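Trainee: You'll find final.cif just under this line, and it carries mmCIF, C-alpha atoms.
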data_run
loop_
_atom_site.label_atom_id
_atom_site.label_comp_id
_atom_site.auth_asym_id
_atom_site.auth_seq_id
_atom_site.Cartn_x
_atom_site.Cartn_y
_atom_site.Cartn_z
CA ASN A 267 50.58 -247.61 -10.77
CA ARG A 268 50.64 -243.83 -11.12
CA TYR A 269 47.75 -241.44 -11.33
CA THR A 270 47.58 -238.95 -14.03
CA PRO A 271 45.88 -235.52 -13.67
CA SER A 272 42.98 -236.82 -15.61
CA ASP A 273 42.60 -239.64 -13.09
CA GLN A 274 42.63 -237.15 -10.12
CA LYS A 275 39.83 -235.17 -11.73
CA GLN A 276 37.87 -238.37 -12.01
CA ILE A 277 38.42 -239.39 -8.30
CA PHE A 278 37.89 -235.91 -6.74
CA PRO A 279 35.72 -233.79 -8.91
CA GLN A 280 36.47 -230.07 -8.72
CA SER A 281 32.95 -229.15 -7.70
CA GLN A 282 33.08 -231.46 -4.65
CA ILE A 283 36.41 -229.94 -3.44
CA GLU A 284 34.99 -226.45 -3.60
CA ILE A 285 31.97 -227.54 -1.60
CA GLU A 286 34.19 -228.99 1.16
CA ILE A 287 36.27 -225.82 1.34
CA MET A 288 33.14 -223.70 1.66
CA LYS A 289 31.83 -225.91 4.46
CA LEU A 290 35.11 -225.66 6.39
CA THR A 291 35.16 -221.86 5.99
CA THR A 292 31.60 -221.56 7.24
CA ILE A 293 32.35 -223.70 10.31
CA LEU A 294 35.47 -221.67 11.22
CA THR A 295 33.60 -218.37 10.78
CA SER A 296 30.71 -219.52 12.98
CA PHE A 297 33.13 -220.73 15.66
CA ALA A 298 34.94 -217.37 15.63
CA LEU A 299 31.66 -215.47 15.98
CA MET A 300 30.62 -217.65 18.90
CA LEU A 301 33.91 -217.08 20.76
CA SER A 302 34.09 -213.31 20.26
CA PRO A 303 31.09 -212.25 22.53
CA SER A 304 32.04 -214.75 25.24
CA MET A 305 35.59 -213.32 25.38
CA ALA A 306 34.26 -209.78 25.54
CA PHE A 307 32.16 -210.52 28.65
CA SER A 308 34.39 -213.07 30.35
CA PRO A 309 34.85 -212.87 34.21
CA SER A 310 38.55 -212.10 33.88
CA SER A 311 37.94 -208.94 31.91
CA THR A 312 35.16 -207.85 34.29
CA THR A 313 37.42 -208.40 37.31
CA LYS A 314 40.19 -206.44 35.64
CA ILE A 315 37.87 -203.48 34.96
CA ALA A 316 36.54 -203.58 38.55
CA SER A 317 40.08 -203.69 39.99
CA ILE A 318 41.14 -200.73 37.86
CA THR A 319 38.07 -198.76 38.97
CA ASN A 320 38.71 -199.54 42.64
CA LYS A 321 42.34 -198.46 42.33
CA ASP A 322 41.31 -195.19 40.73
CA VAL A 323 38.73 -194.46 43.43
CA SER A 324 41.08 -195.35 46.30
CA SER A 325 43.91 -193.25 44.85
CA THR A 326 41.58 -190.29 44.36
CA PHE A 327 40.23 -190.59 47.93
CA SER A 328 43.75 -190.86 49.39
CA GLN A 329 44.83 -187.75 47.50
CA GLN A 330 41.83 -185.80 48.75
CA THR A 331 42.33 -186.87 52.37
CA ALA A 332 46.07 -186.24 52.23
CA PHE A 333 45.67 -182.60 51.23
CA ALA A 334 42.41 -181.90 53.10
CA PRO A 335 42.88 -179.28 55.85
CA VAL A 336 42.17 -180.43 59.41
CA THR A 337 39.81 -178.07 61.19
CA LYS A 338 38.79 -178.08 64.83
CA SER A 339 35.24 -177.15 65.65
CA LYS A 340 34.47 -175.58 68.97
CA THR A 341 30.97 -175.46 70.35
CA SER A 342 29.94 -173.44 73.32
CA LEU A 343 26.84 -174.02 75.36
CA GLU A 344 25.21 -171.04 76.96
CA VAL A 345 22.90 -171.76 79.86
CA THR A 346 20.28 -169.14 80.62
CA PRO A 347 18.99 -169.50 84.19
CA ASP A 348 15.25 -169.56 84.76
CA LEU A 349 14.75 -166.63 87.14
CA GLU A 350 11.44 -167.95 88.45
CA VAL A 351 13.02 -171.23 89.55
CA VAL A 352 16.05 -169.44 90.99
CA ALA A 353 13.83 -167.03 92.91
CA LEU A 354 11.73 -169.89 94.30
CA VAL A 355 14.73 -171.92 95.47
CA ALA A 356 16.65 -168.93 96.86
CA GLY A 357 13.58 -167.67 98.70
CA GLN A 358 13.03 -171.01 100.41
CA GLU A 359 16.67 -171.16 101.48
CA ASN A 360 16.68 -167.56 102.67
CA TYR A 361 13.55 -167.74 104.81
CA GLY A 362 14.38 -171.23 106.02
CA PHE A 363 17.77 -170.05 107.21
CA ALA A 364 16.14 -167.20 109.15
CA ILE A 365 13.67 -169.58 110.84
CA VAL A 366 16.39 -172.07 111.84
CA ALA A 367 18.62 -169.27 113.24
CA MET A 368 15.81 -167.89 115.41
CA GLY A 369 14.83 -171.39 116.51
CA GLU A 370 18.36 -172.14 117.66
CA ALA A 371 18.62 -168.85 119.59
CA ILE A 372 15.29 -169.36 121.35
CA TRP A 373 16.19 -172.95 122.22
CA SER A 374 19.56 -171.89 123.68
CA PHE A 375 17.90 -169.08 125.71
CA LEU A 376 15.23 -171.38 127.10
CA GLU A 377 17.92 -173.81 128.29
CA ALA A 378 19.01 -171.17 130.85
CA PRO A 379 16.72 -168.14 130.73
CA SER A 380 18.38 -165.08 132.25
CA LEU A 381 19.06 -161.47 131.41
CA SER A 382 22.75 -162.13 130.87
CA HIS A 383 22.01 -165.08 128.64
CA ALA A 384 19.66 -163.04 126.43
CA LYS A 385 22.67 -161.99 124.39
CA VAL A 386 22.36 -165.23 122.37
CA LEU A 387 19.19 -163.75 120.87
CA VAL A 388 20.92 -160.68 119.46
CA PRO A 389 22.89 -162.20 116.49
CA ALA A 390 20.02 -164.42 115.42
CA THR A 391 17.46 -161.58 115.68
CA ILE A 392 19.59 -159.24 113.56
CA ALA A 393 20.22 -161.98 111.00
CA ALA A 394 16.53 -162.89 110.81
CA ILE A 395 15.51 -159.23 110.29
CA ILE A 396 18.00 -158.82 107.44
CA LEU A 397 17.02 -162.12 105.82
CA VAL A 398 13.28 -161.45 106.03
CA ALA A 399 13.11 -157.70 105.39
CA VAL A 400 16.05 -157.09 103.05
CA SER A 401 17.38 -160.12 101.18
CA GLY A 402 14.08 -162.02 101.14
CA PRO A 403 12.15 -159.62 98.86
CA MET A 404 15.24 -159.29 96.64
CA VAL A 405 15.83 -162.98 95.98
CA THR A 406 12.13 -163.59 95.29
CA ASN A 407 11.95 -160.84 92.65
CA ALA A 408 11.92 -163.05 89.57
CA SER A 409 11.69 -160.09 87.18
CA ASP A 410 15.06 -158.58 88.09
CA ALA A 411 18.27 -160.62 87.91
CA ALA A 412 20.32 -157.84 89.56
CA SER A 413 17.98 -157.86 92.55
CA ILE A 414 18.35 -161.63 92.95
CA LYS A 415 22.12 -161.31 92.78
CA LEU A 416 22.24 -158.60 95.45
CA GLY A 417 19.87 -160.55 97.72
CA LEU A 418 22.03 -163.68 97.46
CA GLU A 419 25.14 -161.66 98.26
CA ILE A 420 23.47 -160.19 101.35
CA ALA A 421 22.31 -163.63 102.50
CA THR A 422 25.82 -165.00 102.01
CA GLY A 423 27.25 -162.21 104.19
CA VAL A 424 24.62 -162.86 106.88
CA SER A 425 25.55 -166.56 106.96
CA VAL A 426 29.21 -165.63 107.47
CA GLY A 427 28.40 -163.23 110.32
CA LEU A 428 26.06 -165.66 112.02
CA GLY A 429 28.62 -168.44 111.72
CA ALA A 430 31.22 -166.23 113.37
CA SER A 431 28.85 -165.70 116.33
CA TYR A 432 28.47 -169.47 116.72
CA VAL A 433 32.25 -169.92 116.67
CA ALA A 434 32.57 -167.27 119.42
CA ARG A 435 30.03 -169.11 121.56
CA LEU A 436 31.87 -172.39 121.07
CA LEU A 437 35.18 -170.81 122.07
CA SER A 438 33.69 -169.15 125.16
CA PRO A 439 34.95 -170.79 128.39
CA TYR A 440 31.50 -170.66 129.95
CA SER A 441 28.12 -171.13 128.32
CA PRO A 442 24.83 -171.38 130.24
CA SER A 443 23.36 -173.56 127.49
CA ALA A 444 24.82 -176.66 125.87
CA LYS A 445 27.44 -175.93 123.24
CA GLU A 446 26.05 -178.72 121.08
CA ILE A 447 23.18 -176.40 120.20
CA ALA A 448 25.61 -173.72 119.05
CA PHE A 449 27.51 -176.33 117.06
CA GLY A 450 24.29 -177.31 115.28
CA GLY A 451 23.71 -173.64 114.47
CA LEU A 452 27.25 -173.44 113.05
CA LEU A 453 26.55 -176.36 110.72
CA VAL A 454 23.39 -174.64 109.50
CA ALA A 455 25.32 -171.39 108.90
CA VAL A 456 27.98 -173.25 106.88
CA ALA A 457 25.30 -174.98 104.84
CA GLY A 458 23.61 -171.63 104.19
CA PHE A 459 26.89 -170.08 103.05
CA PHE A 460 27.58 -172.83 100.52
CA SER A 461 23.99 -172.80 99.32
CA PHE A 462 23.86 -169.04 98.67
CA SER A 463 27.32 -168.91 97.10
CA GLN A 464 26.53 -171.91 94.90
CA ASN A 465 23.44 -170.15 93.58
CA LEU A 466 25.57 -167.12 92.74
CA ILE A 467 28.12 -169.18 90.80
CA VAL A 468 25.95 -171.83 89.14
CA ASP A 469 23.35 -169.33 87.95
CA GLU A 470 26.19 -167.15 86.60
CA PHE A 471 25.46 -164.11 88.76
CA VAL A 472 29.14 -164.14 89.68
CA THR A 473 31.86 -165.27 87.26
CA LEU A 474 35.03 -166.70 88.73
CA PRO A 475 38.35 -165.79 87.07
CA THR A 476 39.74 -168.45 84.77
CA VAL A 477 43.40 -169.38 84.45
CA PRO A 478 44.55 -169.96 80.84
CA ILE A 479 46.08 -173.41 80.37
CA PRO A 480 48.77 -173.68 77.68
CA GLU A 481 48.32 -176.33 75.01
CA LEU A 482 50.75 -179.22 75.31
CA PRO A 483 52.57 -180.40 72.15
CA SER A 484 51.04 -183.44 70.53
CA ILE A 485 53.15 -186.59 70.18
CA PHE A 486 51.45 -187.69 66.96
CA PRO A 487 50.85 -185.28 64.07
CA LEU A 488 47.27 -184.55 63.10
CA ASN A 489 47.60 -186.13 59.62
CA ALA A 490 49.36 -189.26 60.87
CA PHE A 491 46.23 -191.34 60.55
#
Just give me the structure as structure tokens.

Mentor:
Amino acid sequence: NRYTPSDQKQIFPQSQIEIEIMKLTTILTSFALMLSPSMAFSPSSTTKIASITNKDVSSTFSQQTAFAPVTKSKTSLEVTPDLEVVALVAGQENYGFAIVAMGEAIWSFLEAPSLSHAKVLVPATIAAIILVAVSGPMVTNASDAASIKLGLEIATGVSVGLGASYVARLLSPYSPSAKEIAFGGLLVAVAGFFSFSQNLIVDEFVTLPTVPIPELPSIFPLNAF
């Protein structure tokens, strides 16, 4: 039982074979068109593009930071003292110191009033006159910084001199009045000295000399991190 070419034409007509081939071609073409956009926007390709972009940005940033110069910024704060406040505070300290010095001298004299004991009034009286008549108007002159500076310097010198007189009274072998009073006056004189000198330094009327400190070598280089 063999088929001849004429028999094959009868079983599978040529027109039907061509139709089947056209159908198969159409199906394959449609399948290819459906796969092509999905492959173009697949997650793997998006991840690859994002990773490449991140690498480029990180490499560019590392190159910029590696060759960027390291600069040190120095800021300086300048404090301008308020002369009205300084004059008010210094005036209160100045006149208060004069009142306390005279009060201590009068108290010591009244403990044993005598002509020989009147010498305790001399240092306090001189100090009070200088503080009230000389340094007082200077430190309360808020319109002149040089006047305030000079008044504070005079008051500082008065506190040193008055403190020396208290030390002499404490070292004296005999004192008609109690030495505890003189010791209290010495504490007030020391407090006055530190108060006046602090106003001179803090308000920048007097500038202390500065000692330059050499820079120590750094263990880690600046661009290490």

Trainee: Taking 5 positions as the minimum chain separation for residues in the same chain, which residues sit within 8 Å of A:Leu418 when counting all atoms listed in the file? Answer as a ChimeraX atom specification.

Mentor: /A:356,401,405,462-463,465-466

Trainee: Do you have the atom CA of A:Glu446-atom CA of A:Ser461 distance handy?

Mentor: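 Distance between the two atoms: 22.6 Å.
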
Trainee: Run through the PyMOL selection byres ((chain A and resi 367-377) around 6) on the given coordinates and return the selected residues as number ranges by chain.

Mentor: A: 364-366, 378-379, 386-387, 390, 443

Trainee: Between atom CA of A:Asp469 and atom CA of A:Val352, what distance in Å does the model show, to one decimal?

Mentor: 7.9 Å

Trainee: May I have the residues within 12 Å of A:Ala408 as number ranges by chain, using only C-alpha atoms and disregarding those fewer than 6 positions away in the same chain?

Mentor: A: 347-357, 402, 414-415, 417

Trainee: Mind giving me the straight-line distance from atom CA of A:Thr473 to atom CA of A:Met404 in Å, one decimal?

Mentor: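 For atom CA of A:Thr473 relative to atom CA of A:Met404, the distance reads 20.0 Å.
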
Trainee: Counting all atoms listed in the file, which of A:Glu419, A:Val454, A:Leu428, A:Ile479 gets nearest to A:Ile467?

Mentor: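 Ranking A:Glu419, A:Val454, A:Leu428, A:Ile479 by distance to A:Ile467, first place goes to A:Glu419.
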
Trainee: Would you kindly return, as a list in words, each protein, DNA or RNA residue with an atom no farther than 12 Å from any atom of A:Ser431, considering all atoms listed in the file and excluding same-chain residues fewer than 3 positions away?

Mentor: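 That gives Ala367, Ala371, Lys385, Val386, Leu387, Val388, Pro389, Ala390, Ile392, Ala393, Val424, Ser425, Val426, Gly427, Leu428, Ala434, Arg435, Leu436, Leu437, Ser438, Ala448, Phe449, Gly451, Leu452 and Ala455 of chain A.
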
Trainee: Which residue is closest to A:Gly362? Choose from A:Gly450, A:Leu397, A:Ser441, A:Ala411 and count all atoms listed in the file.

Mentor: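 Using all atoms listed in the file, the shortest distance to A:Gly362 belongs to A:Leu397.
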
Trainee: To test the calculation: enclose all listed atoms of stretch 427-446 of chain A in a box whose edges run along x, y and z, add 3 Å on each side, then state centre and edge lengths in Å to one decimal, as JSON.

Mentor:
{"center_x": 29.3, "center_y": -171.0, "center_z": 120.3, "size_x": 17.8, "size_y": 21.5, "size_z": 25.9}

Trainee: Would you mind telling me which residue in A:Gln464, A:Ser413, A:Ile396, A:Pro442 lies nearest to A:Ala384 when using all atoms listed in the file?

Mentor: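 Using all atoms listed in the file, the shortest distance to A:Ala384 belongs to A:Pro442.
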
Trainee: Select, from A:Asn360, A:Lys445, A:Pro403, A:Met288, the residue with the minimum atom-to-atom distance to A:Thr422, counting all atoms listed in the file.

Mentor: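 Checking each candidate against A:Thr422, we get A:Asn360 as the closest.
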
Trainee: Please, can stretch 380-391 of chain A be completed to all heavy atoms and returned as a PDB file, keeping the file's coordinate frame?

Mentor:
ATOM      1  N   SER A 380      17.881-166.128 131.350  1.00  0.00           N
ATOM      2  CA  SER A 380      18.380-165.080 132.250  1.00  0.00           C
ATOM      3  C   SER A 380      18.657-163.848 131.431  1.00  0.00           C
ATOM      4  O   SER A 380      18.755-163.906 130.194  1.00  0.00           O
ATOM      5  CB  SER A 380      19.625-165.537 133.018  1.00  0.00           C
ATOM      6  OG  SER A 380      20.677-165.776 132.111  1.00  0.00           O
ATOM      7  N   LEU A 381      18.805-162.714 132.121  1.00  0.00           N
ATOM      8  CA  LEU A 381      19.060-161.470 131.410  1.00  0.00           C
ATOM      9  C   LEU A 381      20.439-161.496 130.745  1.00  0.00           C
ATOM     10  O   LEU A 381      20.612-160.992 129.639  1.00  0.00           O
ATOM     11  CB  LEU A 381      18.943-160.290 132.376  1.00  0.00           C
ATOM     12  CG  LEU A 381      19.043-158.907 131.744  1.00  0.00           C
ATOM     13  CD1 LEU A 381      17.940-158.692 130.702  1.00  0.00           C
ATOM     14  CD2 LEU A 381      18.979-157.810 132.819  1.00  0.00           C
ATOM     15  N   SER A 382      21.402-162.070 131.445  1.00  0.00           N
ATOM     16  CA  SER A 382      22.750-162.130 130.870  1.00  0.00           C
ATOM     17  C   SER A 382      22.829-163.092 129.680  1.00  0.00           C
ATOM     18  O   SER A 382      23.641-162.906 128.767  1.00  0.00           O
ATOM     19  CB  SER A 382      23.751-162.531 131.951  1.00  0.00           C
ATOM     20  OG  SER A 382      23.435-163.826 132.449  1.00  0.00           O
ATOM     21  N   HIS A 383      21.980-164.093 129.722  1.00  0.00           N
ATOM     22  CA  HIS A 383      22.010-165.080 128.640  1.00  0.00           C
ATOM     23  C   HIS A 383      21.169-164.640 127.428  1.00  0.00           C
ATOM     24  O   HIS A 383      21.175-165.305 126.395  1.00  0.00           O
ATOM     25  CB  HIS A 383      21.518-166.438 129.148  1.00  0.00           C
ATOM     26  CG  HIS A 383      21.848-167.558 128.220  1.00  0.00           C
ATOM     27  ND1 HIS A 383      21.023-168.669 128.092  1.00  0.00           N
ATOM     28  CD2 HIS A 383      22.887-167.774 127.363  1.00  0.00           C
ATOM     29  CE1 HIS A 383      21.553-169.502 127.202  1.00  0.00           C
ATOM     30  NE2 HIS A 383      22.695-168.976 126.763  1.00  0.00           N
ATOM     31  N   ALA A 384      20.484-163.527 127.538  1.00  0.00           N
ATOM     32  CA  ALA A 384      19.660-163.040 126.430  1.00  0.00           C
ATOM     33  C   ALA A 384      20.501-162.558 125.255  1.00  0.00           C
ATOM     34  O   ALA A 384      19.964-162.336 124.160  1.00  0.00           O
ATOM     35  CB  ALA A 384      18.752-161.924 126.939  1.00  0.00           C
ATOM     36  N   LYS A 385      21.804-162.445 125.486  1.00  0.00           N
ATOM     37  CA  LYS A 385      22.670-161.990 124.390  1.00  0.00           C
ATOM     38  C   LYS A 385      22.714-162.988 123.237  1.00  0.00           C
ATOM     39  O   LYS A 385      23.084-162.623 122.113  1.00  0.00           O
ATOM     40  CB  LYS A 385      24.070-161.729 124.920  1.00  0.00           C
ATOM     41  CG  LYS A 385      24.731-162.962 125.527  1.00  0.00           C
ATOM     42  CD  LYS A 385      26.083-162.643 126.132  1.00  0.00           C
ATOM     43  CE  LYS A 385      26.712-163.877 126.774  1.00  0.00           C
ATOM     44  NZ  LYS A 385      28.015-163.556 127.412  1.00  0.00           N
ATOM     45  N   VAL A 386      22.361-164.250 123.470  1.00  0.00           N
ATOM     46  CA  VAL A 386      22.360-165.230 122.370  1.00  0.00           C
ATOM     47  C   VAL A 386      21.271-164.912 121.362  1.00  0.00           C
ATOM     48  O   VAL A 386      21.333-165.376 120.220  1.00  0.00           O
ATOM     49  CB  VAL A 386      22.193-166.654 122.916  1.00  0.00           C
ATOM     50  CG1 VAL A 386      23.363-167.039 123.807  1.00  0.00           C
ATOM     51  CG2 VAL A 386      20.882-166.815 123.647  1.00  0.00           C
ATOM     52  N   LEU A 387      20.265-164.108 121.788  1.00  0.00           N
ATOM     53  CA  LEU A 387      19.190-163.750 120.870  1.00  0.00           C
ATOM     54  C   LEU A 387      19.564-162.627 119.918  1.00  0.00           C
ATOM     55  O   LEU A 387      18.908-162.463 118.874  1.00  0.00           O
ATOM     56  CB  LEU A 387      17.946-163.341 121.672  1.00  0.00           C
ATOM     57  CG  LEU A 387      17.329-164.407 122.584  1.00  0.00           C
ATOM     58  CD1 LEU A 387      16.227-163.786 123.438  1.00  0.00           C
ATOM     59  CD2 LEU A 387      16.785-165.554 121.755  1.00  0.00           C
ATOM     60  N   VAL A 388      20.595-161.873 120.253  1.00  0.00           N
ATOM     61  CA  VAL A 388      20.920-160.680 119.460  1.00  0.00           C
ATOM     62  C   VAL A 388      21.393-161.036 118.051  1.00  0.00           C
ATOM     63  O   VAL A 388      20.844-160.521 117.063  1.00  0.00           O
ATOM     64  CB  VAL A 388      21.944-159.817 120.212  1.00  0.00           C
ATOM     65  CG1 VAL A 388      22.365-158.623 119.349  1.00  0.00           C
ATOM     66  CG2 VAL A 388      21.372-159.342 121.543  1.00  0.00           C
ATOM     67  N   PRO A 389      22.430-161.905 117.862  1.00  0.00           N
ATOM     68  CA  PRO A 389      22.890-162.200 116.490  1.00  0.00           C
ATOM     69  C   PRO A 389      21.807-162.838 115.625  1.00  0.00           C
ATOM     70  O   PRO A 389      21.634-162.480 114.458  1.00  0.00           O
ATOM     71  CB  PRO A 389      24.069-163.144 116.703  1.00  0.00           C
ATOM     72  CG  PRO A 389      24.508-162.911 118.090  1.00  0.00           C
ATOM     73  CD  PRO A 389      23.267-162.585 118.860  1.00  0.00           C
ATOM     74  N   ALA A 390      21.065-163.744 116.204  1.00  0.00           N
ATOM     75  CA  ALA A 390      20.020-164.420 115.420  1.00  0.00           C
ATOM     76  C   ALA A 390      18.901-163.466 115.055  1.00  0.00           C
ATOM     77  O   ALA A 390      18.351-163.534 113.948  1.00  0.00           O
ATOM     78  CB  ALA A 390      19.477-165.606 116.214  1.00  0.00           C
ATOM     79  N   THR A 391      18.532-162.535 115.986  1.00  0.00           N
ATOM     80  CA  THR A 391      17.460-161.580 115.680  1.00  0.00           C
ATOM     81  C   THR A 391      17.873-160.637 114.556  1.00  0.00           C
ATOM     82  O   THR A 391      17.092-160.364 113.625  1.00  0.00           O
ATOM     83  CB  THR A 391      17.101-160.794 116.944  1.00  0.00           C
ATOM     84  OG1 THR A 391      16.709-161.707 117.985  1.00  0.00           O
ATOM     85  CG2 THR A 391      15.969-159.827 116.674  1.00  0.00           C
TER      86      THR A 391
END
